[in-house]
Structures are given as structure tokens and as C-alpha cells.
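This is coords20.cif. It holds mmCIF, C-alpha atoms.
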```cif
data_input
#
loop_
_atom_site.label_atom_id
_atom_site.label_comp_id
_atom_site.auth_asym_id
_atom_site.auth_seq_id
_atom_site.Cartn_x
_atom_site.Cartn_y
_atom_site.Cartn_z
CA MET A 1 0.00 0.00 0.00
CA GLU A 2 1.22 3.51 -0.82
CA THR A 3 2.43 5.55 2.11
CA ALA A 4 0.50 8.68 1.10
CA ASP A 5 -2.73 6.68 0.80
CA HIS A 6 -2.13 5.08 4.15
CA MET A 7 -1.53 8.41 5.90
CA HIS A 8 -4.70 9.67 4.27
CA LEU A 9 -6.71 6.86 5.89
CA ILE A 10 -5.05 7.45 9.27
CA TYR A 11 -6.22 11.09 9.13
CA ILE A 12 -9.78 10.01 8.30
CA ILE A 13 -9.77 7.60 11.25
CA LEU A 14 -8.39 10.31 13.57
CA ALA A 15 -11.05 12.77 12.39
CA ALA A 16 -13.70 10.09 12.99
CA ALA A 17 -12.31 9.51 16.49
CA VAL A 18 -12.47 13.24 17.28
CA ALA A 19 -16.02 13.48 15.87
CA THR A 20 -17.07 10.50 17.99
CA PHE A 21 -15.51 11.97 21.13
CA ILE A 22 -17.31 15.27 20.49
CA THR A 23 -20.65 13.41 20.44
CA ARG A 24 -19.69 11.64 23.66
CA ILE A 25 -18.79 14.79 25.61
CA GLY A 26 -21.14 17.23 23.83
CA GLY A 27 -24.30 16.52 25.80
CA TYR A 28 -22.46 16.84 29.10
CA VAL A 29 -20.93 20.17 28.12
CA MET A 30 -24.30 21.50 26.98
CA ILE A 31 -26.22 20.39 30.04
CA THR A 32 -23.69 21.64 32.60
CA GLN A 33 -23.81 25.07 30.97
CA MET A 34 -27.49 25.26 31.89
CA LYS A 35 -28.30 26.12 35.50
CA ARG A 36 -31.61 24.25 35.68
CA ILE A 37 -33.08 21.37 33.75
CA PRO A 38 -36.63 22.29 32.67
CA PRO A 39 -39.13 19.47 33.46
CA ARG A 40 -39.94 18.92 29.80
CA MET A 41 -36.28 18.51 28.97
CA GLU A 42 -35.96 16.04 31.81
CA ALA A 43 -38.92 14.08 30.40
CA ALA A 44 -37.18 14.12 27.02
CA LEU A 45 -33.89 12.93 28.53
CA ASN A 46 -35.68 10.12 30.35
CA ALA A 47 -37.03 8.90 27.01
CA VAL A 48 -33.62 8.88 25.30
CA PRO A 49 -32.47 5.32 26.00
CA ALA A 50 -35.72 3.62 24.97
CA ALA A 51 -36.06 5.88 21.91
CA VAL A 52 -32.52 5.32 20.66
CA LEU A 53 -32.25 1.62 21.38
CA THR A 54 -35.63 0.97 19.74
CA THR A 55 -34.20 2.28 16.46
CA LEU A 56 -31.52 -0.41 16.64
CA VAL A 57 -34.20 -3.09 17.16
CA ALA A 58 -37.30 -2.25 15.09
CA PRO A 59 -35.71 -2.09 11.60
CA ALA A 60 -33.85 -5.37 12.26
CA PHE A 61 -37.18 -6.92 13.30
CA VAL A 62 -38.96 -5.71 10.16
CA TYR A 63 -36.22 -6.02 7.53
CA GLY A 64 -33.95 -8.69 9.03
CA GLY A 65 -35.63 -11.64 7.31
CA TRP A 66 -38.33 -13.86 8.79
CA ASP A 67 -35.85 -16.07 10.66
CA ALA A 68 -34.47 -13.02 12.49
CA THR A 69 -38.03 -11.79 13.09
CA ALA A 70 -39.08 -15.14 14.61
CA SER A 71 -35.94 -15.25 16.74
CA MET A 72 -36.51 -11.72 18.04
CA ALA A 73 -40.19 -12.43 18.75
CA VAL A 74 -39.26 -15.42 20.92
CA ALA A 75 -36.51 -13.41 22.62
CA PHE A 76 -39.06 -10.69 23.35
CA LEU A 77 -41.40 -13.15 25.09
CA VAL A 78 -38.49 -14.57 27.09
CA GLY A 79 -37.42 -11.02 27.98
CA LEU A 80 -40.76 -10.29 29.64
CA ARG A 81 -39.81 -12.76 32.38
CA PHE A 82 -36.06 -13.44 32.23
CA SER A 83 -32.73 -11.59 31.93
CA SER A 84 -31.11 -10.55 28.66
CA LEU A 85 -28.68 -13.48 28.73
CA TRP A 86 -31.67 -15.86 28.43
CA MET A 87 -33.09 -13.68 25.67
CA LEU A 88 -29.84 -13.99 23.72
CA LEU A 89 -29.73 -17.75 24.24
CA ALA A 90 -33.39 -18.27 23.24
CA GLY A 91 -33.13 -16.02 20.18
CA TRP A 92 -29.90 -17.67 19.07
CA LEU A 93 -31.38 -21.19 19.46
CA VAL A 94 -34.44 -20.23 17.42
CA VAL A 95 -32.46 -18.72 14.55
CA MET A 96 -30.04 -21.66 14.49
CA ALA A 97 -32.90 -24.17 14.53
CA ILE A 98 -34.60 -22.42 11.62
CA ARG A 99 -31.42 -22.11 9.57
CA HIS A 100 -30.08 -25.59 10.15
CA PHE A 101 -33.15 -27.78 10.57
CA GLY A 102 -35.83 -25.70 8.87
CA GLY A 103 -34.80 -26.88 5.44
CA PHE A 104 -35.40 -23.45 3.92
CA MET B 1 -10.20 3.58 43.78
CA SER B 2 -12.14 0.63 45.11
CA LYS B 3 -11.01 -2.71 43.76
CA ASP B 4 -14.36 -4.24 44.75
CA GLU B 5 -16.33 -1.79 42.64
CA PHE B 6 -13.92 -2.20 39.73
CA LEU B 7 -14.53 -5.97 39.84
CA GLN B 8 -18.29 -5.42 40.15
CA GLY B 9 -18.10 -3.42 36.93
CA VAL B 10 -16.03 -6.15 35.27
CA ARG B 11 -18.59 -8.81 36.22
CA ARG B 12 -21.45 -6.63 34.98
CA GLY B 13 -19.72 -6.00 31.65
CA PHE B 14 -18.64 -9.59 31.07
CA PRO B 15 -21.79 -10.88 29.28
CA ILE B 16 -21.83 -7.75 27.14
CA MET B 17 -18.22 -8.37 26.18
CA LEU B 18 -19.23 -11.89 25.11
CA ALA B 19 -22.09 -10.52 23.01
CA ALA B 20 -19.92 -7.79 21.45
CA SER B 21 -16.85 -9.93 20.73
CA PRO B 22 -18.17 -11.55 17.53
CA PHE B 23 -18.85 -8.06 16.20
CA GLY B 24 -15.30 -6.97 16.98
CA ALA B 25 -14.03 -9.93 15.00
CA LEU B 26 -16.53 -9.23 12.25
CA PHE B 27 -15.38 -5.60 12.07
CA GLY B 28 -11.75 -6.70 11.81
CA ALA B 29 -12.56 -9.12 9.02
CA LEU B 30 -14.74 -6.64 7.10
CA ALA B 31 -12.14 -3.88 7.47
CA ILE B 32 -9.54 -6.03 5.72
CA ASP B 33 -12.14 -6.81 3.08
CA ASN B 34 -12.67 -3.07 2.54
CA GLY B 35 -9.02 -2.21 1.99
CA PHE B 36 -7.82 -1.53 5.54
CA SER B 37 -4.52 -2.92 6.81
CA ILE B 38 -4.50 -4.84 10.11
CA PHE B 39 -2.94 -1.76 11.72
CA ASP B 40 -5.71 0.51 10.33
CA ALA B 41 -8.43 -1.79 11.67
CA VAL B 42 -6.99 -1.95 15.19
CA PHE B 43 -6.16 1.78 15.09
CA MET B 44 -9.82 2.52 14.32
CA SER B 45 -11.09 0.25 17.12
CA LEU B 46 -8.62 1.84 19.55
CA THR B 47 -9.49 5.45 18.73
CA VAL B 48 -13.14 5.47 17.59
CA TYR B 49 -14.44 2.52 19.68
CA ALA B 50 -18.03 2.64 18.39
CA GLY B 51 -18.96 -0.55 16.54
CA ALA B 52 -21.85 0.48 14.31
CA SER B 53 -20.09 3.65 13.12
CA GLN B 54 -16.88 1.72 12.48
CA MET B 55 -18.85 -0.59 10.18
CA VAL B 56 -20.31 2.43 8.37
CA GLY B 57 -16.85 3.98 8.09
CA ILE B 58 -15.18 1.02 6.39
CA GLU B 59 -18.14 0.58 4.03
CA LEU B 60 -17.97 4.23 2.89
CA PHE B 61 -14.19 4.14 2.65
CA ASN B 62 -14.45 1.18 0.32
CA HIS B 63 -16.84 3.14 -1.88
CA ARG B 64 -14.26 5.95 -2.11
CA VAL B 65 -16.69 8.41 -0.58
CA GLN B 66 -15.13 11.82 0.15
CA PRO B 67 -13.40 11.93 3.56
CA TRP B 68 -15.57 14.73 4.97
CA LEU B 69 -18.68 12.68 4.16
CA ILE B 70 -17.23 9.61 5.91
CA VAL B 71 -16.55 11.65 9.04
CA LEU B 72 -19.99 13.30 8.85
CA SER B 73 -21.68 9.89 8.56
CA ILE B 74 -19.79 8.59 11.59
CA LEU B 75 -20.84 11.73 13.45
CA ALA B 76 -24.48 11.03 12.48
CA VAL B 77 -24.38 7.41 13.61
CA ASN B 78 -22.84 8.45 16.91
CA PHE B 79 -25.07 11.47 17.41
CA ARG B 80 -27.07 9.59 20.05
CA HIS B 81 -24.04 9.83 22.37
CA ILE B 82 -24.80 13.55 22.85
CA LEU B 83 -28.02 12.49 24.52
CA TYR B 84 -26.19 9.86 26.61
CA SER B 85 -23.62 12.25 28.01
CA ALA B 86 -26.33 14.78 28.82
CA SER B 87 -28.31 12.06 30.57
CA ILE B 88 -25.49 10.65 32.74
CA ALA B 89 -24.28 14.12 33.74
CA ARG B 90 -26.33 13.83 36.94
CA TYR B 91 -24.43 10.72 38.07
CA ILE B 92 -20.81 11.69 37.31
CA GLY B 93 -20.54 15.25 38.60
CA HIS B 94 -18.05 14.10 41.26
CA PHE B 95 -15.49 12.67 38.77
CA THR B 96 -12.19 14.53 38.24
CA PRO B 97 -11.61 16.13 34.79
CA LEU B 98 -9.28 13.29 33.75
CA GLN B 99 -11.84 10.71 34.91
CA LYS B 100 -14.53 12.51 32.90
CA PHE B 101 -12.29 12.41 29.81
CA VAL B 102 -11.94 8.62 30.17
CA THR B 103 -15.65 8.29 30.99
CA PHE B 104 -16.75 10.01 27.79
CA PHE B 105 -14.20 8.16 25.68
CA LEU B 106 -15.66 4.82 26.88
CA LEU B 107 -19.33 5.88 26.56
CA THR B 108 -20.87 3.13 24.40
CA ASP B 109 -24.54 2.01 24.25
CA PRO B 110 -24.27 -0.70 26.95
CA GLN B 111 -21.97 1.50 29.06
CA TYR B 112 -24.62 4.20 28.99
CA ALA B 113 -27.54 1.86 29.67
CA GLU B 114 -25.87 0.17 32.65
CA THR B 115 -24.69 3.49 34.10
CA GLU B 116 -28.24 4.82 33.84
CA LYS B 117 -29.64 1.66 35.46
CA ARG B 118 -27.12 1.77 38.30
CA GLY B 119 -27.68 5.47 38.93
CA GLU B 120 -31.44 5.04 38.87
CA SER B 121 -31.36 2.12 41.32
CA GLY B 122 -29.67 4.40 43.84
CA LEU B 123 -26.25 2.70 43.78
CA ALA B 124 -23.31 5.09 43.51
CA VAL B 125 -21.81 5.37 40.04
CA SER B 126 -18.13 5.37 41.00
CA PHE B 127 -15.28 5.83 38.55
CA ALA B 128 -13.88 2.42 39.60
CA TRP B 129 -17.14 0.68 38.69
CA TYR B 130 -17.41 2.58 35.40
CA LEU B 131 -13.79 1.82 34.49
CA GLY B 132 -14.18 -1.88 35.31
CA PHE B 133 -17.26 -2.10 33.11
CA GLY B 134 -15.54 -0.21 30.29
CA THR B 135 -12.24 -2.11 30.47
CA ILE B 136 -13.80 -5.56 30.15
CA ILE B 137 -15.43 -4.38 26.90
CA TYR B 138 -12.70 -2.08 25.50
CA VAL B 139 -9.70 -4.41 25.77
CA PRO B 140 -11.38 -7.52 24.25
CA TRP B 141 -12.80 -5.28 21.49
CA GLN B 142 -9.20 -4.56 20.41
CA ILE B 143 -8.14 -8.19 20.68
CA MET B 144 -11.18 -9.39 18.71
CA THR B 145 -10.57 -6.73 16.03
CA LEU B 146 -7.02 -8.02 15.68
CA ILE B 147 -8.12 -11.67 15.58
CA GLY B 148 -10.86 -10.86 13.06
CA ALA B 149 -8.42 -8.94 10.87
CA ILE B 150 -5.89 -11.77 10.95
CA PHE B 151 -8.34 -14.58 10.33
CA GLY B 152 -10.75 -12.55 8.21
CA GLN B 153 -11.30 -15.19 5.60
CA MET B 154 -11.90 -17.95 8.12
CA ILE B 155 -15.00 -16.42 9.76
CA GLY B 156 -17.06 -17.05 6.65
CA ASP B 157 -20.72 -16.10 6.85
CA PRO B 158 -21.68 -14.76 10.30
CA LYS B 159 -25.30 -15.65 9.52
CA ALA B 160 -24.44 -19.36 9.33
CA ILE B 161 -23.56 -19.34 13.02
CA GLY B 162 -26.43 -17.04 13.96
CA LEU B 163 -24.34 -14.03 15.04
CA ASP B 164 -26.42 -11.46 13.22
CA VAL B 165 -29.42 -11.67 15.60
CA LEU B 166 -27.48 -11.24 18.85
CA LEU B 167 -26.97 -7.47 18.79
CA PRO B 168 -30.60 -6.49 18.05
CA ILE B 169 -31.77 -8.94 20.73
CA TYR B 170 -29.33 -7.47 23.21
CA PHE B 171 -30.60 -3.96 22.46
CA MET B 172 -34.19 -5.23 22.79
CA GLY B 173 -33.35 -6.47 26.29
CA LEU B 174 -32.11 -2.99 27.17
CA VAL B 175 -35.31 -1.41 25.82
CA LEU B 176 -37.42 -3.78 27.95
CA GLY B 177 -35.32 -2.83 30.98
CA PHE B 178 -36.61 0.74 30.74
CA ARG B 179 -40.30 -0.24 30.55
CA LYS B 180 -41.22 1.27 33.94
CA ARG B 181 -40.42 4.78 32.76
CA ASP B 182 -43.09 7.40 32.00
CA HIS B 183 -44.64 7.08 28.53
CA TRP B 184 -42.39 4.11 27.68
CA LEU B 185 -44.88 2.45 25.32
CA PRO B 186 -45.79 5.49 23.18
CA VAL B 187 -42.11 6.48 22.96
CA VAL B 188 -41.06 2.99 21.86
CA ALA B 189 -43.97 2.75 19.40
CA VAL B 190 -43.18 6.11 17.78
CA SER B 191 -39.43 5.47 17.65
CA ALA B 192 -40.04 2.04 16.13
CA ALA B 193 -42.39 3.39 13.46
CA ALA B 194 -40.15 6.37 12.67
CA SER B 195 -36.98 4.28 12.43
CA VAL B 196 -38.64 1.66 10.21
CA GLY B 197 -40.04 4.42 7.98
CA ALA B 198 -36.69 6.23 7.88
CA MET B 199 -34.90 2.98 7.06
CA HIS B 200 -37.27 2.52 4.13
CA PHE B 201 -37.43 6.07 2.80
CA VAL B 202 -34.09 7.63 3.81
CA GLY B 203 -31.83 4.66 4.52
CA SER B 204 -29.23 3.70 7.08
CA PRO B 205 -27.68 5.26 9.17
CA TRP B 206 -30.29 8.05 9.35
CA HIS B 207 -32.95 5.74 10.79
CA VAL B 208 -31.12 5.91 14.12
CA SER B 209 -31.16 9.69 14.54
CA ILE B 210 -34.61 10.15 12.98
CA GLY B 211 -36.26 7.41 15.07
CA ALA B 212 -34.61 8.59 18.27
CA ILE B 213 -35.51 12.24 17.77
CA ALA B 214 -39.16 11.31 17.05
CA GLY B 215 -39.45 9.42 20.37
CA VAL B 216 -37.68 12.11 22.36
CA ILE B 217 -39.81 14.92 20.92
CA LEU B 218 -42.93 12.91 21.73
CA ALA B 219 -41.76 12.47 25.35
CA ALA B 220 -41.16 16.21 25.65
CA CYS B 221 -44.67 17.00 24.32
CA LEU B 222 -46.74 14.44 26.28
CA PRO B 223 -48.31 15.63 29.53
CA LEU B 224 -45.89 15.38 32.45
CA LYS B 225 -46.89 12.47 34.69
CA THR B 226 -44.90 13.27 37.79
CA PRO B 227 -46.41 16.20 39.71
CA ALA B 228 -44.66 19.46 38.96
CA GLU B 229 -41.74 19.83 41.34
CA GLU B 230 -38.98 22.32 41.67
CA PRO B 231 -36.89 22.00 38.53
CA VAL B 232 -33.82 19.88 39.29
CA THR B 233 -30.61 21.80 39.59
CA LEU B 234 -27.35 20.09 38.83
CA GLU B 235 -25.71 21.69 41.82
CA HIS B 236 -28.02 19.80 44.16
CA GLU B 237 -27.12 16.47 42.64
CA VAL B 238 -23.35 16.66 42.66
#
```
Output the file's structure in the form of C-alpha cells.
Amino acid sequence: METADHMHLIYIILAAAVATFITRIGGYVMITQMKRIPPRMEAALNAVPAAVLTTLVAPAFVYGGWDATASMAVAFLVGLRFSSLWMLLAGWLVVMAIRHFGGF
Amino acid sequence: MSKDEFLQGVRRGFPIMLAASPFGALFGALAIDNGFSIFDAVFMSLTVYAGASQMVGIELFNHRVQPWLIVLSILAVNFRHILYSASIARYIGHFTPLQKFVTFFLLTDPQYAETEKRGESGLAVSFAWYLGFGTIIYVPWQIMTLIGAIFGQMIGDPKAIGLDVLLPIYFMGLVLGFRKRDHWLPVVAVSAAASVGAMHFVGSPWHVSIGAIAGVILAACLPLKTPAEEPVTLEHEV
């Protein structure tokens, strides 16, 4: 690989690292500049984890293929009663069963 | 620093490390496939340390997309971290500046979720606990990237061994863990619909930011359930 090309990529990675760090510290910097947290903003902040993590789940459920959908549906039911480790195990067993013994 | 709390964090992070490891290896293998050297792949895991955005980065790099657009896309995928660091501010006010620097560098999805859970349950979020949790995920992430890069060809199809469903299921478990919060169901429903729609009409990675913002705006607009109290001041909490 050419040296110039390689340095080019290193700079892109470094810029990506800085951009990522800015997103990781940015919210803290913004919120500590404010003296009070308005109740509506607190309600919004409380909704952040569920809102964000749902976006990493729902499209995979809809577009991931029916084997992934079935696996996630079973994992969901398991998750209503048991910890996430059991969810992972159940979902993995379902998808493996479908892919290896389903004959599809 | 308390060794006990460090080890508590390590134990807590251990299953997450197991779930994330295949993705570290997968990233390493895909990076090689997309024209990265082994050094580049590990360098990216060491400095960026954000799995989904690393995957986006190597994909765009392979398509010879302009550098500024690659960096902007990584910024977009990681935009949710702004919300994380705002949200955990109330638990880490007592950290030193150097500890805060490390804290934000290690702030991944599971790191955020577990910190939030621990803070909410009333347990102290100490730097030792946070560092233990982060270390047991960060260090293996580098090792798995290296292994994946070296043995890239040998992993084959991650679907054949069912790896592709583990991450969404893990995230689903985290979502369920927050189900006692105010307006959880409408927020999840709106974020789900918005992210699926955005995936269809706009495409990845925008479905993450669009879906998240839809749910958060909804939460800010819905009637406040808890009786109006004095607005929380940060000074009281640190």
C-alpha cells in the first residue's frame, strides 16, 4: 500500500475519532452550561435510552428476514420474564434451529 | 479507587463483552475486506471505539466516498451519544476532569444503559465501577478486532452461526429494561415506526437519529406524569 494513501486513511480515522468523542462529551458540556433542567427537557432525557435503542431493534425486526423476526419475537417473550442473557440464548437457538433444521 | 467496585463493573460487563466480541471480530474481518490494513483496523477500534459507526466507516471508505462525508456519517451514527452524556451528567458530577475524559471516551450504548440503570437504582456510580465495566469491553474489542483482521477469511458467513441476531436482541433487552419509565410504550412505538419508515425512505444510518428524535420529541410533548416539582438543579445532585 502507498504511504500517502495510508496516511490519508489514518487522518480520516483520527477525524472520525475526534467526531465520535465530540458526540460523547457534547451533551455533558451542553447540560452543565445550563443552571436548571426544565421538566420537559428532563422528560425528554428520560425517554432517550428507549427511543434510541428501539431504532436499533425495530428495523432489524422488520427487515432482518423472517428467521431473524421469529428469533426476536421469541426473545421478546423470554425477555418479559427473564434476563437478557436468556433472551440472547433463546433467540440464538431459534435462529439456528430455523437455519439448520428448517430446510429453507 | 475501590477494587471491589472495579470488579463489580467487570462482572457486569462480562456478558456484554461476550455478546460484542463476535462483532469486533466481524469488524476486523470486514475492514480487511474493505481495503484496511491490520494496523488501520486496530487503530480505528482503539481510537473510535463505536462498533456500528466503524462498520459504516469502512463501508464508505471502500466506496471511495469523500473523507468529509465519511466523518460526517460517523458523526451522524454516533449522534445519540450527545443524549447519553447529557443524561449521565447527573451521576458523574463528582469525577475529576481526567476521569470525565476517560468516561466520555468509553461511553458506548451498553456502558450508557448500565450506568443509567445503576444510577437510577440508587447505587453510587463510582469511577472504579465505570472503568471496570468499560475495560472488560474495550480491551477484548481490540483483541477481537485483531483476531478478526488476521483470520478474516476464516469467519465465513456470520449468519451461518447465527451471530447477526445477537446485537438487536441485546438492544431489545435494554429497551425492555426501561419499561417502567413514563410514557415508555408510546415512545417505543413512535421510535419504532419512525426508524422503520426512515430505514425505508431515507436509509441507514439516518434511521437511528430520525427514530430517536421522534421518540424524544414525543416524550417532551406528552403531559408530564410526575407532579410538577422544583426543577432539578445540577448543583443539588453533585
Taking all atoms of segment 19-36 of chain B that appear in the file, build a box with edges along x, y and z, extend it by 5 Å on every side, and state its centre and edge lengths in Å to one decimal, as lines of an AutoDock Vina configuration file.
```
center_x = -15.0
center_y = -6.5
center_z = 12.5
size_x = 24.3
size_y = 20.0
size_z = 31.0
```
(message) Quick check: residues of chain A within 7 Å of chain B, all atoms listed in the file, returned as a PyMOL selection string.
(response) chain A and resi 12-13+15-17+19-21+23-28+31+35-41+43-45+47-48+50-60+68+72+75+79+84+87-88+92+95-96
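Among the candidates B:Thr115, B:Gly51, B:Ser126, B:Ala25, the residue lying nearest to Thr96 of chain B is B:Ser126 (atoms considered: all atoms listed in the file).
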(request) Could you tell me which of A:Gln33, A:Ala70, A:Leu77, A:Val18 comes closest to Leu93 of chain A if we count only C-alpha atoms? (result) A:Ala70
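The interatomic distance for the pair atom CA of Ile38 of chain B and atom CA of Gly148 of chain B works out to 9.2 Å.
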